[in-house]
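Student: One structure is given below, represented as structure tokens, and several questions about it will come after.
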Amino acid sequence: MIRRFARPYARAIVDVAGSPAKANEILRELESFEALRRKAADLQELYANPGIENDAKLKVTQQIAGRLGLQGLSVKVLGILIENHRINGLGAICDALAQYVNEALQIAVADVRSAHALDQNEQNELRATLEKKLGKKVELRVTTDPTLLGGFVAQVGSEIWDASVSGKINKFRASLA
């Protein structure tokens with residue numbers, strides 16, 4: 001679920017970017033910054049501490065952005081988030097931005113749980129099948145779930161395709177009842 005405050009920021013980024021492709025570039029850069037921020041406890045403390053001036057936070061952010069190779073617009077977004085005390089909400093803003101970008105680029109995100117790690121050929125096959133069913137490009141987010149015993153479960157929005165062994169067992173059990 002996307003938090004309410006995140007949508008206006010995401011919408012503003014899309015508007016300022018000028019195109020969905022440029023907004024997608026900004027999204028990738030913000031996601032790389034957010035991944036680093038989440039991993040570093042000292043950065044989390046820095047941004048969460050109201051006693052540290054925004055200028056100090058901004059300097060640290062600019063140094064990190066330089067090392068990550070972030071473009072000017074991404075750095076400006078981070079600066080605005082620091083000024084508005086929303087930098088700790090960057091993950092939610094990235095989620096909202098991804099939703100806007102995916103809608104504009106006609107991309108569906110499929111959350112796939114698989115009984116075993118899928119190799120590249122299996123992922124390509126699954127992607128092609130889902131693209132045919134949905135009529136749009138599909139981005140896979142694959143996780144491993146050994147409780148499925150075999151097969152996979154794919155979810156795109158509210159649609160679920162259950163091709164797992166445990167799902168078939170449950171269907172069989174329900175048909176016997």
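Please note that chains go A, B, ... in the order of the structure tokens, that every chain numbers its residues from 1, and that ligands are numbered from 1 in the order shown.
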If you count only C-alpha atoms, which residues fall within 10 Å of A:Gly157, apart from same-chain ones fewer than 2 positions away, as a list in words?
Tutor: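 Returned residues: Ala108, Val109, Ala110, Asp111, Ala154, Gln155, Glu159 and Ile160 of chain A.
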Student: Could you give me the residues within stretch 44-140 of chain A that DSSP places in helix (DSSP H, G or I), as an MDAnalysis selection string?
Tutor: chainID A and resid 44:48 54:68 72:83 87:104 120:134
Student: Write out as a ChimeraX atom specification each polymer residue whose atoms come within 8 Å of stretch 68-71 of chain A, counting only C-alpha atoms; drop sequence neighbours fewer than 6 positions from it.
Tutor: /A:26,29,32-33
Student: Could you pull the residues within 10 Å of A:Ala96, counting only C-alpha atoms, minus those fewer than 6 positions along the same chain, as a PDB file with N, CA and C atoms, in the first residue's frame?
Tutor:
```pdb
ATOM      1  N   MET A   1       0.842  -1.178   0.000  1.00  0.00           N
ATOM      2  CA  MET A   1       0.000   0.000   0.000  1.00  0.00           C
ATOM      3  C   MET A   1       0.890   1.245   0.000  1.00  0.00           C
ATOM      4  N   ILE A   2       0.561   2.166  -0.847  1.00  0.00           N
ATOM      5  CA  ILE A   2       1.349   3.389  -0.960  1.00  0.00           C
ATOM      6  C   ILE A   2       0.794   4.431   0.010  1.00  0.00           C
ATOM      7  N   ARG A   3       1.691   5.031   0.755  1.00  0.00           N
ATOM      8  CA  ARG A   3       1.274   6.013   1.755  1.00  0.00           C
ATOM      9  C   ARG A   3       0.780   7.284   1.063  1.00  0.00           C
ATOM     10  N   ARG A   4      -0.161   7.939   1.701  1.00  0.00           N
ATOM     11  CA  ARG A   4      -0.844   9.084   1.116  1.00  0.00           C
ATOM     12  C   ARG A   4       0.091  10.226   0.737  1.00  0.00           C
ATOM     13  N   PHE A   5       1.091  10.536   1.580  1.00  0.00           N
ATOM     14  CA  PHE A   5       1.971  11.659   1.301  1.00  0.00           C
ATOM     15  C   PHE A   5       2.843  11.420   0.072  1.00  0.00           C
ATOM     16  N   ALA A   6       3.036  10.169  -0.325  1.00  0.00           N
ATOM     17  CA  ALA A   6       3.981   9.837  -1.390  1.00  0.00           C
ATOM     18  C   ALA A   6       3.463  10.203  -2.782  1.00  0.00           C
ATOM     19  N   ARG A   7       2.186  10.116  -2.993  1.00  0.00           N
ATOM     20  CA  ARG A   7       1.636  10.351  -4.342  1.00  0.00           C
ATOM     21  C   ARG A   7       1.894  11.758  -4.883  1.00  0.00           C
ATOM     22  N   PRO A   8       1.693  12.817  -4.098  1.00  0.00           N
ATOM     23  CA  PRO A   8       1.982  14.150  -4.649  1.00  0.00           C
ATOM     24  C   PRO A   8       3.449  14.335  -5.040  1.00  0.00           C
ATOM     25  N   TYR A   9       4.356  13.788  -4.246  1.00  0.00           N
ATOM     26  CA  TYR A   9       5.773  13.868  -4.601  1.00  0.00           C
ATOM     27  C   TYR A   9       6.045  13.110  -5.896  1.00  0.00           C
ATOM     28  N   ALA A  10       5.491  11.906  -5.992  1.00  0.00           N
ATOM     29  CA  ALA A  10       5.694  11.099  -7.194  1.00  0.00           C
ATOM     30  C   ALA A  10       5.103  11.785  -8.419  1.00  0.00           C
ATOM     31  N   ARG A  11       3.920  12.352  -8.275  1.00  0.00           N
ATOM     32  CA  ARG A  11       3.283  13.051  -9.395  1.00  0.00           C
ATOM     33  C   ARG A  11       4.123  14.247  -9.832  1.00  0.00           C
ATOM     34  N   LEU A  27      13.623   7.395 -11.101  1.00  0.00           N
ATOM     35  CA  LEU A  27      13.192   6.343 -10.191  1.00  0.00           C
ATOM     36  C   LEU A  27      14.343   5.400  -9.877  1.00  0.00           C
ATOM     37  N   LEU A  90      11.315   8.045   1.442  1.00  0.00           N
ATOM     38  CA  LEU A  90      11.731   7.877   0.045  1.00  0.00           C
ATOM     39  C   LEU A  90      11.270   6.545  -0.532  1.00  0.00           C
ATOM     40  N   ASN A 102       5.030   2.861 -14.446  1.00  0.00           N
ATOM     41  CA  ASN A 102       4.558   1.617 -15.048  1.00  0.00           C
ATOM     42  C   ASN A 102       3.243   1.808 -15.795  1.00  0.00           C
TER      43      ASN A 102
END
```
Student: Give the strand (DSSP E) residues of stretch 110-145 of chain A, as assigned by DSSP on the backbone, as an mmCIF file with N, CA and C atoms, in the first residue's frame.
Tutor:
```cif
data_model
loop_
_atom_site.group_PDB
_atom_site.id
_atom_site.type_symbol
_atom_site.label_atom_id
_atom_site.label_comp_id
_atom_site.auth_asym_id
_atom_site.auth_seq_id
_atom_site.Cartn_x
_atom_site.Cartn_y
_atom_site.Cartn_z
ATOM 1 N N ALA A 110 4.672 -8.250 -12.041
ATOM 2 C CA ALA A 110 4.207 -9.553 -11.584
ATOM 3 C C ALA A 110 5.058 -10.011 -10.411
ATOM 4 N N ASP A 111 4.408 -10.215 -9.272
ATOM 5 C CA ASP A 111 5.078 -10.780 -8.104
ATOM 6 C C ASP A 111 4.951 -12.294 -8.215
ATOM 7 N N VAL A 112 6.091 -12.951 -8.370
ATOM 8 C CA VAL A 112 6.104 -14.390 -8.598
ATOM 9 C C VAL A 112 6.780 -15.087 -7.426
ATOM 10 N N ARG A 113 6.078 -16.059 -6.853
ATOM 11 C CA ARG A 113 6.669 -16.935 -5.840
ATOM 12 C C ARG A 113 6.889 -18.273 -6.510
ATOM 13 N N SER A 114 8.105 -18.767 -6.436
ATOM 14 C CA SER A 114 8.471 -20.006 -7.099
ATOM 15 C C SER A 114 9.022 -20.997 -6.092
ATOM 16 N N LYS A 137 3.819 -5.160 -21.427
ATOM 17 C CA LYS A 137 5.107 -5.626 -20.932
ATOM 18 C C LYS A 137 4.964 -6.034 -19.472
ATOM 19 N N VAL A 138 5.765 -7.013 -19.069
ATOM 20 C CA VAL A 138 5.708 -7.501 -17.699
ATOM 21 C C VAL A 138 7.100 -7.445 -17.082
ATOM 22 N N GLU A 139 7.143 -6.901 -15.872
ATOM 23 C CA GLU A 139 8.362 -6.893 -15.071
ATOM 24 C C GLU A 139 8.156 -7.907 -13.952
ATOM 25 N N LEU A 140 9.079 -8.874 -13.857
ATOM 26 C CA LEU A 140 8.951 -9.916 -12.845
ATOM 27 C C LEU A 140 9.711 -9.557 -11.576
ATOM 28 N N ARG A 141 9.081 -9.818 -10.446
ATOM 29 C CA ARG A 141 9.755 -9.759 -9.140
ATOM 30 C C ARG A 141 9.619 -11.154 -8.554
ATOM 31 N N VAL A 142 10.713 -11.911 -8.632
ATOM 32 C CA VAL A 142 10.677 -13.331 -8.282
ATOM 33 C C VAL A 142 11.262 -13.563 -6.894
ATOM 34 N N THR A 143 10.538 -14.342 -6.099
ATOM 35 C CA THR A 143 11.035 -14.795 -4.800
ATOM 36 C C THR A 143 10.871 -16.309 -4.733
ATOM 37 N N THR A 144 11.652 -16.924 -3.877
ATOM 38 C CA THR A 144 11.590 -18.373 -3.718
ATOM 39 C C THR A 144 10.759 -18.715 -2.485
#
```
Student: Please identify all polymer residues within 12 Å of A:Asp55, counting only C-alpha atoms, omitting same-chain residues fewer than 3 positions from it, and present them as a PyMOL selection string.
Tutor: chain A and resi 46-47+50-52+58-62+79-80+82-83
Student: Please dump the current selection as a tab-separated table (two decimals), in the first residue's frame; keep N, CA and C atoms.
Tutor:
```tsv
chain	number	residue	atom	x	y	z
A	46	LEU	N	21.15	9.70	10.84
A	46	LEU	CA	21.38	11.07	10.39
A	46	LEU	C	20.09	11.73	9.93
A	47	TYR	N	19.37	11.05	9.04
A	47	TYR	CA	18.16	11.64	8.48
A	47	TYR	C	17.01	11.70	9.48
A	50	PRO	N	16.30	15.16	14.22
A	50	PRO	CA	15.89	16.54	13.96
A	50	PRO	C	16.91	17.56	14.47
A	51	GLY	N	17.84	17.13	15.31
A	51	GLY	CA	18.85	18.03	15.85
A	51	GLY	C	19.97	18.35	14.87
A	52	ILE	N	20.06	17.60	13.79
A	52	ILE	CA	21.08	17.85	12.77
A	52	ILE	C	20.48	18.77	11.71
A	58	LEU	N	22.11	17.73	3.74
A	58	LEU	CA	22.21	17.96	2.30
A	58	LEU	C	23.63	17.74	1.80
A	59	LYS	N	24.63	18.17	2.56
A	59	LYS	CA	26.03	17.96	2.15
A	59	LYS	C	26.35	16.47	2.07
A	60	VAL	N	25.93	15.72	3.06
A	60	VAL	CA	26.16	14.28	3.06
A	60	VAL	C	25.45	13.65	1.86
A	61	THR	N	24.23	14.08	1.61
A	61	THR	CA	23.44	13.55	0.50
A	61	THR	C	24.11	13.84	-0.83
A	62	GLN	N	24.63	15.05	-1.00
A	62	GLN	CA	25.30	15.41	-2.25
A	62	GLN	C	26.57	14.57	-2.45
A	79	GLY	N	17.09	16.79	-2.13
A	79	GLY	CA	17.18	18.03	-1.36
A	79	GLY	C	15.82	18.51	-0.89
A	80	ILE	N	14.84	18.43	-1.74
A	80	ILE	CA	13.48	18.85	-1.37
A	80	ILE	C	12.93	17.93	-0.28
A	82	ILE	N	14.65	16.36	1.95
A	82	ILE	CA	15.32	16.71	3.20
A	82	ILE	C	14.70	17.96	3.80
A	83	GLU	N	14.47	18.97	2.98
A	83	GLU	CA	13.87	20.22	3.46
A	83	GLU	C	12.49	19.99	4.06
```
Student: To one decimal place in Å, what is the distance between atom CA of A:Leu148 and atom CA of A:Asn170?
Tutor: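 Value for the atom CA of A:Leu148-atom CA of A:Asn170 distance: 11.1 Å.
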Student: Between atom CA of A:Gln99 and atom CA of A:Val153, what is the spacing in Å?
Tutor: 21.5 Å
Student: Quick one: residues within 9 Å of A:Asn88, only C-alpha atoms counted, chain neighbours fewer than 4 positions away excluded, as a list of chain:residue names?
Tutor: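 Near A:Asn88, the qualifying residues are A:Glu34, A:Arg37, A:Gln44, A:Tyr47, A:Ala48, A:Leu81, A:Ile82, A:Ala92.
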Student: A:His116, A:Ile87, A:Val77, A:Tyr100: which is nearest A:Thr147, counting only C-alpha atoms?
Tutor: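 Comparing A:His116, A:Ile87, A:Val77, A:Tyr100 against A:Thr147, the winner is A:His116.
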Student: For A:Asn54, which residue out of A:Leu105, A:Val156, A:Ala117, A:Leu78 is the nearest one, using only C-alpha atoms?
Tutor: A:Leu78
